[in-house]
Amino acid sequence: MIAWVDASCILIVLCALAVLATYRIAGMIEIFAAQSIVLGIVPFFLHFNELSARTFTIALGTIALKGLLVPYILFWAIRHVSMRSEVKPLIGFGSSIVCGALIVAGAFGISQSLRLPGRAVSELILPCSLAAVMLGFMIMVTRVRAVTQVLGYLIMENGIFLFALALFDAMPMLIEMGILLDIFAAVFIMAIVVNHINEEFERAPDAARTSRMGESS
Amino acid sequence: MILAMIILPFACALAVLLPVSKRFRGILLCAVSCVYAAAAASCWMIPPAPQFNGYLALDPVGLIMLSAVGAVFVLVSVFMIGYFEHERRSNRTFTACLFTLLSLMTVVATSYHFGLLWVAVETTTLLSAPLISFHRNQESLDATWKYLLVCSVGISLALMGTFFMAIAAHETGSLLLPDIIAGASSLNAAWLKLGVIFLLVGYGCKMGLAPMHSWKPDVYGQSTGMAAVIMSGLLTQCAFLGIVRVAHVCNSAGLRTFYSSMLVVMGIVSLIVPAVFLLGVRNIKRAFAYSSVEHMGILVLGLALGGVGTIGAFFHVINNALSKTVMFLTAGSVAQKYGSSRVEELRGIVHAYPATGVFLIISALAGTGMFPFATFHSELMVLNAAISGKRFFLAAGFLACLAFIFIGMTRTVLQAVFGPPAEPVMPKRENSYMNAAIAAAAAVLLWFGVWMPAFLDRGIRAAASMIGG
């Protein structure tokens, strides 16, 4: 099953890179949903021989909250504020990919010197989760649209969660569910704030804010 | 007792969501805060039993935090009754969020599990967003967005740190504080160090330590006085509690120098930044926000220096909560009266509202740590720790920063208090609820400044000796 875990880890990083290269916001949300569903399947591969109710709860919770509900809220948000695409990011799409590749290389480099103690899990979990965290962070700081920044945050959280799956036994289930719910609540509140900002923007348009919220150019 | 203190506010949060009158919500908040404060006071006499297999337990550190929460909530709720007499907006979401925050802060103060602590701190971050965007104008929404993004990222780093700590505690197999402390010698040092870095940066972001303070002036500048009190006096200290827990683990694992050197740097930068920026600030709330950065710096500096510094830091937890109550409640009252916090539009407050003008001067003095307010003593303890640790440059830098902060703060405040009077937007009548709350906070600060009660002294020393170092 380790081969499947490895494949999922690589898919997660590829999804993060794909978000970096995508122009349409709807496309980014779809890629994020795919990434979350892959993340939700990882616990099954990790604990294939000893499936428990816990594995199912965590996996299904991840898929339901991050794979379905969060993308739904984000789609609702972009429909309401009618934005279609990312305007000029601070770093161009081409150079973003190059930076992304460097980040992935860096993540693999760092994780060379770190060793997870205990039961051997996939070698790729640590570098891939670090890469996803850093890619998410990069999306957050280089994109100007509010929804894209939220996506960056979510990809970062996915990276952290992938890491958490590797230490399945250290965290009690209730707390893991709490973490998931918190992330869900974060997106919910951010979507509401985006909506409020948009209402306020329609009342008093302002050139500096157009790039963040308004109709796409 | 702990469970009741979590459930009661939460139930009330649901109750105020029902369509009831504005005044009822305010009075309910006030009543519940008083009950809560009484419960917190009873915990000083009868320590409550741990709950849920030790996930929730009240120790001396949590007790100090819990008492600060109780006191601040009583004061803020009294102030709120007065504030909402003159406010058109509904207080439904606002009160509901305050109740939920009260319940969550109990969880933070009593949580003995790093994961649970994280979940509670993250939820407080999310629930304070509606408090910031209360006015629903462009600036406050922008500030909310900035707060959500910066703090969410910070808190995610803390989550990562929590996981690193879980790896370090692989042998123990548990993230419960007593288990980690008991198995401190078997912790994996490399992973623990990595975890500590992430936890300090993450919770430091939520605390608003420089250089992660960028959200503070905007957020405190745009939110109402009450929301700013809850955030600067309590929520930031919830994050400080997270740092205290990390320090406790490090002390028992023999990593004292490692984390203290990081905290000293963060602390002194958090003093330099307000010292520089306060000189140019022309807005009272923003000036007080920089003062909050300063006080966070003093807290971590005290913790880093150890010994008498730790005692000073725990004393400062209470003093900071009270001084921020005086400062931001006064700023909130001024902002409501003049419809602005900019110094140009405030001038001559003491002529239009004599009591508020005096409170503003008191808040500047209490905020900058002047005698006879208790902030003076806790700052002196931190300075004492620096000198007795033979860190003379640090002590000199500390004093210089405090001097510049004093100059910047008094300059801004005095310009607003004196001078030719500006025209307020509200009738020139003081509100007794608001003034009573501010006066009570100032009086307690004065009381602790001239005579520290024995029980408080015992409690603070117990907390300092518990975390060691």
# chains A, B, ... in the order shown; residues from 1 in each chain; ligands from 1

call {"tool": "closest_atom_pairs", "arguments": {"of": "chain B", "to": "chain A", "cutoff": "9 Å", "atoms": "only C-alpha atoms", "output": "CSV"}}
result
residue,atom,partner,partner_atom,distance
B:Gly115,CA,A:Ile175,CA,6.2
B:Leu116,CA,A:Ile175,CA,6.2
B:Trp118,CA,A:Ile179,CA,8.3
B:Val119,CA,A:Ile179,CA,6.0
B:Ala120,CA,A:Gly178,CA,9.0
B:Glu122,CA,A:Asp182,CA,7.0
B:Thr123,CA,A:Asp182,CA,6.4
B:Leu126,CA,A:Ala186,CA,6.2
B:Leu127,CA,A:Ile189,CA,8.7
B:Ala129,CA,A:Ile189,CA,8.0
B:Pro130,CA,A:Ile189,CA,8.6
B:Ser133,CA,A:Val193,CA,8.5
B:Arg136,CA,A:His196,CA,7.6
B:Asn137,CA,A:Glu200,CA,6.8
B:Gln138,CA,A:Glu200,CA,6.2
B:Leu141,CA,A:Ile197,CA,6.1
B:Asp142,CA,A:Ile197,CA,7.6
B:Thr144,CA,A:Val193,CA,7.8
B:Trp145,CA,A:Val193,CA,7.1
B:Leu148,CA,A:Met190,CA,7.5
B:Leu149,CA,A:Val150,CA,8.0
B:Ser152,CA,A:Tyr153,CA,7.9
B:Val153,CA,A:Tyr153,CA,7.0
B:Ser156,CA,A:Glu157,CA,7.0
B:Leu157,CA,A:Ile160,CA,8.8
B:Leu159,CA,A:Ile160,CA,7.8
B:Met160,CA,A:Ile160,CA,6.2
B:Phe163,CA,A:Ala164,CA,6.6
B:Ala166,CA,A:Ala170,CA,6.2
B:Ile167,CA,A:Pro117,CA,7.1
B:Ala168,CA,A:Pro117,CA,8.3
B:Ala169,CA,A:Ala170,CA,8.6
B:His170,CA,A:Pro117,CA,7.1
B:Glu171,CA,A:Gly118,CA,8.5
B:Gly173,CA,A:Ala170,CA,5.7
B:Ser174,CA,A:Ala170,CA,5.9
B:Leu175,CA,A:Ala170,CA,7.2
B:Asn188,CA,A:Pro117,CA,8.8
B:Ala190,CA,A:Leu114,CA,8.4
B:Trp191,CA,A:Leu114,CA,8.2

call {"tool": "select_by_dssp", "arguments": {"residues": "segment 49-188 of chain A", "states": "helix (DSSP H, G or I)", "output": "NGL selection string"}}
result
:A and (49-50 or 53-81 or 93-112 or 125-142 or 146-166 or 173-188)

call {"tool": "residues_around", "arguments": {"residues": "Ala59 of chain A", "least_positions_apart": "4", "cutoff": "12 Å", "atoms": "only C-alpha atoms", "output": "PDB file with N, CA and C atoms, in the first residue's frame"}}
result
ATOM      1  N   SER A  36      -8.230  17.713  -1.985  1.00  0.00           N
ATOM      2  CA  SER A  36      -8.766  17.330  -0.681  1.00  0.00           C
ATOM      3  C   SER A  36      -9.297  15.912  -0.707  1.00  0.00           C
ATOM      4  N   ILE A  37      -9.880  15.510  -1.840  1.00  0.00           N
ATOM      5  CA  ILE A  37     -10.414  14.149  -1.905  1.00  0.00           C
ATOM      6  C   ILE A  37      -9.268  13.139  -1.877  1.00  0.00           C
ATOM      7  N   VAL A  38      -8.179  13.451  -2.604  1.00  0.00           N
ATOM      8  CA  VAL A  38      -7.002  12.575  -2.538  1.00  0.00           C
ATOM      9  C   VAL A  38      -6.508  12.489  -1.098  1.00  0.00           C
ATOM     10  N   LEU A  39      -6.478  13.634  -0.423  1.00  0.00           N
ATOM     11  CA  LEU A  39      -6.029  13.679   0.968  1.00  0.00           C
ATOM     12  C   LEU A  39      -6.925  12.817   1.844  1.00  0.00           C
ATOM     13  N   GLY A  40      -8.223  12.831   1.532  1.00  0.00           N
ATOM     14  CA  GLY A  40      -9.171  12.046   2.327  1.00  0.00           C
ATOM     15  C   GLY A  40      -8.987  10.551   2.136  1.00  0.00           C
ATOM     16  N   ILE A  41      -8.444  10.150   0.968  1.00  0.00           N
ATOM     17  CA  ILE A  41      -8.277   8.713   0.717  1.00  0.00           C
ATOM     18  C   ILE A  41      -7.001   8.187   1.392  1.00  0.00           C
ATOM     19  N   VAL A  42      -6.025   9.083   1.619  1.00  0.00           N
ATOM     20  CA  VAL A  42      -4.732   8.642   2.168  1.00  0.00           C
ATOM     21  C   VAL A  42      -4.872   7.783   3.432  1.00  0.00           C
ATOM     22  N   PRO A  43      -5.742   8.136   4.418  1.00  0.00           N
ATOM     23  CA  PRO A  43      -5.829   7.277   5.614  1.00  0.00           C
ATOM     24  C   PRO A  43      -6.169   5.826   5.285  1.00  0.00           C
ATOM     25  N   PHE A  44      -6.988   5.589   4.242  1.00  0.00           N
ATOM     26  CA  PHE A  44      -7.319   4.212   3.873  1.00  0.00           C
ATOM     27  C   PHE A  44      -6.067   3.453   3.463  1.00  0.00           C
ATOM     28  N   PHE A  45      -5.222   4.097   2.647  1.00  0.00           N
ATOM     29  CA  PHE A  45      -4.000   3.438   2.199  1.00  0.00           C
ATOM     30  C   PHE A  45      -3.054   3.210   3.365  1.00  0.00           C
ATOM     31  N   LEU A  46      -3.000   4.188   4.282  1.00  0.00           N
ATOM     32  CA  LEU A  46      -2.052   4.091   5.391  1.00  0.00           C
ATOM     33  C   LEU A  46      -2.430   2.971   6.344  1.00  0.00           C
ATOM     34  N   HIS A  47      -3.724   2.756   6.529  1.00  0.00           N
ATOM     35  CA  HIS A  47      -4.165   1.775   7.527  1.00  0.00           C
ATOM     36  C   HIS A  47      -4.972   0.670   6.868  1.00  0.00           C
ATOM     37  N   LEU A  51      -8.307  -1.452   9.270  1.00  0.00           N
ATOM     38  CA  LEU A  51      -9.317  -0.412   9.114  1.00  0.00           C
ATOM     39  C   LEU A  51     -10.159  -0.320  10.377  1.00  0.00           C
ATOM     40  N   SER A  52     -10.333   0.895  10.865  1.00  0.00           N
ATOM     41  CA  SER A  52     -11.136   1.067  12.074  1.00  0.00           C
ATOM     42  C   SER A  52     -12.175   2.153  11.811  1.00  0.00           C
ATOM     43  N   ALA A  53     -13.085   2.292  12.746  1.00  0.00           N
ATOM     44  CA  ALA A  53     -14.117   3.330  12.623  1.00  0.00           C
ATOM     45  C   ALA A  53     -13.458   4.698  12.542  1.00  0.00           C
ATOM     46  N   ARG A  54     -12.330   4.815  13.224  1.00  0.00           N
ATOM     47  CA  ARG A  54     -11.618   6.076  13.262  1.00  0.00           C
ATOM     48  C   ARG A  54     -11.117   6.483  11.885  1.00  0.00           C
ATOM     49  N   THR A  55     -10.517   5.507  11.178  1.00  0.00           N
ATOM     50  CA  THR A  55     -10.032   5.785   9.827  1.00  0.00           C
ATOM     51  C   THR A  55     -11.172   6.315   8.969  1.00  0.00           C
ATOM     52  N   ILE A  63     -13.193  14.299   3.374  1.00  0.00           N
ATOM     53  CA  ILE A  63     -13.779  14.394   2.035  1.00  0.00           C
ATOM     54  C   ILE A  63     -15.027  15.264   2.065  1.00  0.00           C
ATOM     55  N   ALA A  64     -15.871  15.061   3.081  1.00  0.00           N
ATOM     56  CA  ALA A  64     -17.124  15.808   3.123  1.00  0.00           C
ATOM     57  C   ALA A  64     -16.869  17.294   3.346  1.00  0.00           C
ATOM     58  N   LEU A  65     -15.997  17.616   4.330  1.00  0.00           N
ATOM     59  CA  LEU A  65     -15.819  19.033   4.666  1.00  0.00           C
ATOM     60  C   LEU A  65     -14.949  19.744   3.637  1.00  0.00           C
ATOM     61  N   LYS A  66     -13.741  19.163   3.386  1.00  0.00           N
ATOM     62  CA  LYS A  66     -12.798  19.885   2.532  1.00  0.00           C
ATOM     63  C   LYS A  66     -13.056  19.632   1.056  1.00  0.00           C
ATOM     64  N   GLY A  67     -13.519  18.415   0.731  1.00  0.00           N
ATOM     65  CA  GLY A  67     -13.693  18.083  -0.681  1.00  0.00           C
ATOM     66  C   GLY A  67     -15.004  18.596  -1.243  1.00  0.00           C
ATOM     67  N   PHE A 161      -2.288  18.914   7.118  1.00  0.00           N
ATOM     68  CA  PHE A 161      -3.129  17.766   7.438  1.00  0.00           C
ATOM     69  C   PHE A 161      -2.506  16.470   6.937  1.00  0.00           C
ATOM     70  N   LEU A 162      -1.863  16.538   5.781  1.00  0.00           N
ATOM     71  CA  LEU A 162      -1.170  15.360   5.259  1.00  0.00           C
ATOM     72  C   LEU A 162      -0.124  14.899   6.262  1.00  0.00           C
ATOM     73  N   LEU A 165      -1.631  13.129   9.191  1.00  0.00           N
ATOM     74  CA  LEU A 165      -2.049  11.747   8.948  1.00  0.00           C
ATOM     75  C   LEU A 165      -0.922  10.774   9.249  1.00  0.00           C
ATOM     76  N   PHE A 168      -0.897   9.420  13.040  1.00  0.00           N
ATOM     77  CA  PHE A 168      -2.281   9.121  13.300  1.00  0.00           C
ATOM     78  C   PHE A 168      -2.555   8.901  14.777  1.00  0.00           C
ATOM     79  N   MET A 173      -9.052  11.488  18.223  1.00  0.00           N
ATOM     80  CA  MET A 173      -9.899  11.762  17.068  1.00  0.00           C
ATOM     81  C   MET A 173     -10.698  13.048  17.224  1.00  0.00           C
ATOM     82  N   GLU A 176      -8.765  15.925  16.167  1.00  0.00           N
ATOM     83  CA  GLU A 176      -8.608  16.023  14.712  1.00  0.00           C
ATOM     84  C   GLU A 176      -9.883  16.546  14.067  1.00  0.00           C
ATOM     85  N   MET A 177     -11.013  16.083  14.566  1.00  0.00           N
ATOM     86  CA  MET A 177     -12.276  16.587  14.027  1.00  0.00           C
ATOM     87  C   MET A 177     -12.415  18.080  14.326  1.00  0.00           C
ATOM     88  N   LEU A 180     -10.503  19.971  11.804  1.00  0.00           N
ATOM     89  CA  LEU A 180     -11.229  20.017  10.532  1.00  0.00           C
ATOM     90  C   LEU A 180     -12.359  21.039  10.576  1.00  0.00           C
TER      91      LEU A 180
END

call {"tool": "residues_around", "arguments": {"residues": "segment 94-102 of chain A", "least_positions_apart": "5", "cutoff": "12 Å", "atoms": "only C-alpha atoms", "output": "list in words"}}
result
Val13, Leu14, Cys15, Ala16, Leu17, Ala18, Val19, Leu20, Ala21, Thr22, Tyr23, Lys88, Pro89, Ala107, Phe108, Gly109, Ala131, Ala132, Val133, Met134, Leu135, Gly136, Phe137, Met138, Ile139, Val141, Thr142 and Arg143 of chain A

call {"tool": "closest_residue", "arguments": {"among": "A:Asp6, A:Ser111, A:Phe93, A:Ile12", "to": "Leu126 of chain A", "atoms": "only C-alpha atoms"}}
result
A:Ser111

call {"tool": "residues_around", "arguments": {"residues": "Leu98 of chain B", "least_positions_apart": "4", "cutoff": "12 Å", "atoms": "only C-alpha atoms", "output": "number ranges by chain"}}
result
B: 9-10, 12-14, 16-17, 25-26, 28-30, 32-33, 69, 72-74, 76-77, 80, 91-94, 102-105, 124, 127-132, 226-231, 234-235

call {"tool": "residues_around", "arguments": {"residues": "segment 372-387 of chain B", "least_positions_apart": "4", "cutoff": "6 Å", "atoms": "only C-alpha atoms", "output": "number ranges by chain"}}
result
B: 302, 308-309, 312, 315-316, 319, 366, 391-392, 395, 445-446, 448-449

call {"tool": "decode", "arguments": {"residues": "segment 38-63 of chain B", "atoms": "N, CA, C and O atoms", "output": "PDB file, in the first residue's frame"}}
result
ATOM      1  N   ALA B  38     -17.425  35.394  39.834  1.00  0.00           N
ATOM      2  CA  ALA B  38     -17.561  34.800  41.167  1.00  0.00           C
ATOM      3  C   ALA B  38     -17.047  33.364  41.148  1.00  0.00           C
ATOM      4  O   ALA B  38     -16.344  32.926  42.082  1.00  0.00           O
ATOM      5  N   ALA B  39     -17.363  32.631  40.068  1.00  0.00           N
ATOM      6  CA  ALA B  39     -16.889  31.251  39.953  1.00  0.00           C
ATOM      7  C   ALA B  39     -15.369  31.222  39.894  1.00  0.00           C
ATOM      8  O   ALA B  39     -14.715  30.392  40.546  1.00  0.00           O
ATOM      9  N   ALA B  40     -14.778  32.165  39.108  1.00  0.00           N
ATOM     10  CA  ALA B  40     -13.317  32.227  39.014  1.00  0.00           C
ATOM     11  C   ALA B  40     -12.722  32.530  40.375  1.00  0.00           C
ATOM     12  O   ALA B  40     -11.691  31.967  40.761  1.00  0.00           O
ATOM     13  N   ALA B  41     -13.381  33.426  41.133  1.00  0.00           N
ATOM     14  CA  ALA B  41     -12.873  33.767  42.467  1.00  0.00           C
ATOM     15  C   ALA B  41     -12.942  32.559  43.386  1.00  0.00           C
ATOM     16  O   ALA B  41     -12.029  32.323  44.189  1.00  0.00           O
ATOM     17  N   SER B  42     -14.010  31.763  43.251  1.00  0.00           N
ATOM     18  CA  SER B  42     -14.136  30.588  44.128  1.00  0.00           C
ATOM     19  C   SER B  42     -13.043  29.564  43.828  1.00  0.00           C
ATOM     20  O   SER B  42     -12.649  28.784  44.693  1.00  0.00           O
ATOM     21  N   CYS B  43     -12.534  29.574  42.556  1.00  0.00           N
ATOM     22  CA  CYS B  43     -11.462  28.640  42.207  1.00  0.00           C
ATOM     23  C   CYS B  43     -10.181  28.941  42.975  1.00  0.00           C
ATOM     24  O   CYS B  43      -9.309  28.075  43.110  1.00  0.00           O
ATOM     25  N   TRP B  44     -10.022  30.186  43.457  1.00  0.00           N
ATOM     26  CA  TRP B  44      -8.835  30.510  44.263  1.00  0.00           C
ATOM     27  C   TRP B  44      -8.897  29.768  45.586  1.00  0.00           C
ATOM     28  O   TRP B  44      -7.870  29.411  46.154  1.00  0.00           O
ATOM     29  N   MET B  45     -10.133  29.562  46.089  1.00  0.00           N
ATOM     30  CA  MET B  45     -10.258  28.899  47.391  1.00  0.00           C
ATOM     31  C   MET B  45     -10.352  27.387  47.233  1.00  0.00           C
ATOM     32  O   MET B  45      -9.650  26.646  47.899  1.00  0.00           O
ATOM     33  N   ILE B  46     -11.223  26.933  46.336  1.00  0.00           N
ATOM     34  CA  ILE B  46     -11.386  25.484  46.142  1.00  0.00           C
ATOM     35  C   ILE B  46     -10.954  25.147  44.722  1.00  0.00           C
ATOM     36  O   ILE B  46     -11.663  25.471  43.766  1.00  0.00           O
ATOM     37  N   PRO B  47      -9.781  24.521  44.536  1.00  0.00           N
ATOM     38  CA  PRO B  47      -9.354  24.186  43.171  1.00  0.00           C
ATOM     39  C   PRO B  47     -10.312  23.163  42.558  1.00  0.00           C
ATOM     40  O   PRO B  47     -10.613  22.142  43.200  1.00  0.00           O
ATOM     41  N   PRO B  48     -10.832  23.408  41.357  1.00  0.00           N
ATOM     42  CA  PRO B  48     -11.771  22.479  40.748  1.00  0.00           C
ATOM     43  C   PRO B  48     -11.070  21.206  40.275  1.00  0.00           C
ATOM     44  O   PRO B  48      -9.864  21.215  40.004  1.00  0.00           O
ATOM     45  N   ALA B  49     -11.839  20.131  40.169  1.00  0.00           N
ATOM     46  CA  ALA B  49     -11.275  18.844  39.766  1.00  0.00           C
ATOM     47  C   ALA B  49     -11.046  18.824  38.260  1.00  0.00           C
ATOM     48  O   ALA B  49     -11.778  19.472  37.519  1.00  0.00           O
ATOM     49  N   PRO B  50     -10.005  18.084  37.789  1.00  0.00           N
ATOM     50  CA  PRO B  50      -9.788  17.971  36.342  1.00  0.00           C
ATOM     51  C   PRO B  50     -10.958  17.259  35.663  1.00  0.00           C
ATOM     52  O   PRO B  50     -11.642  16.452  36.297  1.00  0.00           O
ATOM     53  N   GLN B  51     -11.168  17.571  34.400  1.00  0.00           N
ATOM     54  CA  GLN B  51     -12.278  16.986  33.645  1.00  0.00           C
ATOM     55  C   GLN B  51     -11.744  16.185  32.463  1.00  0.00           C
ATOM     56  O   GLN B  51     -10.643  16.439  31.983  1.00  0.00           O
ATOM     57  N   PHE B  52     -12.548  15.275  31.933  1.00  0.00           N
ATOM     58  CA  PHE B  52     -12.231  14.537  30.707  1.00  0.00           C
ATOM     59  C   PHE B  52     -10.830  13.943  30.731  1.00  0.00           C
ATOM     60  O   PHE B  52      -9.982  14.284  29.903  1.00  0.00           O
ATOM     61  N   ASN B  53     -10.534  13.072  31.662  1.00  0.00           N
ATOM     62  CA  ASN B  53      -9.227  12.397  31.752  1.00  0.00           C
ATOM     63  C   ASN B  53      -8.057  13.373  31.759  1.00  0.00           C
ATOM     64  O   ASN B  53      -7.022  13.112  31.170  1.00  0.00           O
ATOM     65  N   GLY B  54      -8.236  14.509  32.377  1.00  0.00           N
ATOM     66  CA  GLY B  54      -7.131  15.455  32.472  1.00  0.00           C
ATOM     67  C   GLY B  54      -6.953  16.355  31.271  1.00  0.00           C
ATOM     68  O   GLY B  54      -5.976  17.092  31.187  1.00  0.00           O
ATOM     69  N   TYR B  55      -7.865  16.334  30.312  1.00  0.00           N
ATOM     70  CA  TYR B  55      -7.755  17.265  29.186  1.00  0.00           C
ATOM     71  C   TYR B  55      -8.003  18.693  29.643  1.00  0.00           C
ATOM     72  O   TYR B  55      -7.420  19.630  29.116  1.00  0.00           O
ATOM     73  N   LEU B  56      -8.913  18.839  30.598  1.00  0.00           N
ATOM     74  CA  LEU B  56      -9.170  20.163  31.157  1.00  0.00           C
ATOM     75  C   LEU B  56      -8.793  20.135  32.629  1.00  0.00           C
ATOM     76  O   LEU B  56      -9.307  19.314  33.386  1.00  0.00           O
ATOM     77  N   ALA B  57      -7.848  20.994  33.011  1.00  0.00           N
ATOM     78  CA  ALA B  57      -7.473  21.066  34.420  1.00  0.00           C
ATOM     79  C   ALA B  57      -7.049  22.494  34.706  1.00  0.00           C
ATOM     80  O   ALA B  57      -6.509  23.169  33.831  1.00  0.00           O
ATOM     81  N   LEU B  58      -7.312  22.943  35.922  1.00  0.00           N
ATOM     82  CA  LEU B  58      -6.972  24.329  36.254  1.00  0.00           C
ATOM     83  C   LEU B  58      -5.729  24.336  37.127  1.00  0.00           C
ATOM     84  O   LEU B  58      -5.726  23.779  38.214  1.00  0.00           O
ATOM     85  N   ASP B  59      -4.647  24.952  36.627  1.00  0.00           N
ATOM     86  CA  ASP B  59      -3.428  25.094  37.416  1.00  0.00           C
ATOM     87  C   ASP B  59      -3.233  26.581  37.743  1.00  0.00           C
ATOM     88  O   ASP B  59      -4.022  27.414  37.301  1.00  0.00           O
ATOM     89  N   PRO B  60      -2.203  26.939  38.532  1.00  0.00           N
ATOM     90  CA  PRO B  60      -2.042  28.354  38.908  1.00  0.00           C
ATOM     91  C   PRO B  60      -1.968  29.298  37.702  1.00  0.00           C
ATOM     92  O   PRO B  60      -2.500  30.415  37.762  1.00  0.00           O
ATOM     93  N   VAL B  61      -1.325  28.855  36.599  1.00  0.00           N
ATOM     94  CA  VAL B  61      -1.221  29.724  35.425  1.00  0.00           C
ATOM     95  C   VAL B  61      -2.610  29.973  34.838  1.00  0.00           C
ATOM     96  O   VAL B  61      -2.999  31.112  34.549  1.00  0.00           O
ATOM     97  N   GLY B  62      -3.380  28.881  34.699  1.00  0.00           N
ATOM     98  CA  GLY B  62      -4.722  29.016  34.156  1.00  0.00           C
ATOM     99  C   GLY B  62      -5.601  29.853  35.061  1.00  0.00           C
ATOM    100  O   GLY B  62      -6.452  30.611  34.587  1.00  0.00           O
ATOM    101  N   LEU B  63      -5.371  29.729  36.374  1.00  0.00           N
ATOM    102  CA  LEU B  63      -6.196  30.475  37.327  1.00  0.00           C
ATOM    103  C   LEU B  63      -6.003  31.977  37.154  1.00  0.00           C
ATOM    104  O   LEU B  63      -6.978  32.750  37.189  1.00  0.00           O
TER     105      LEU B  63
END
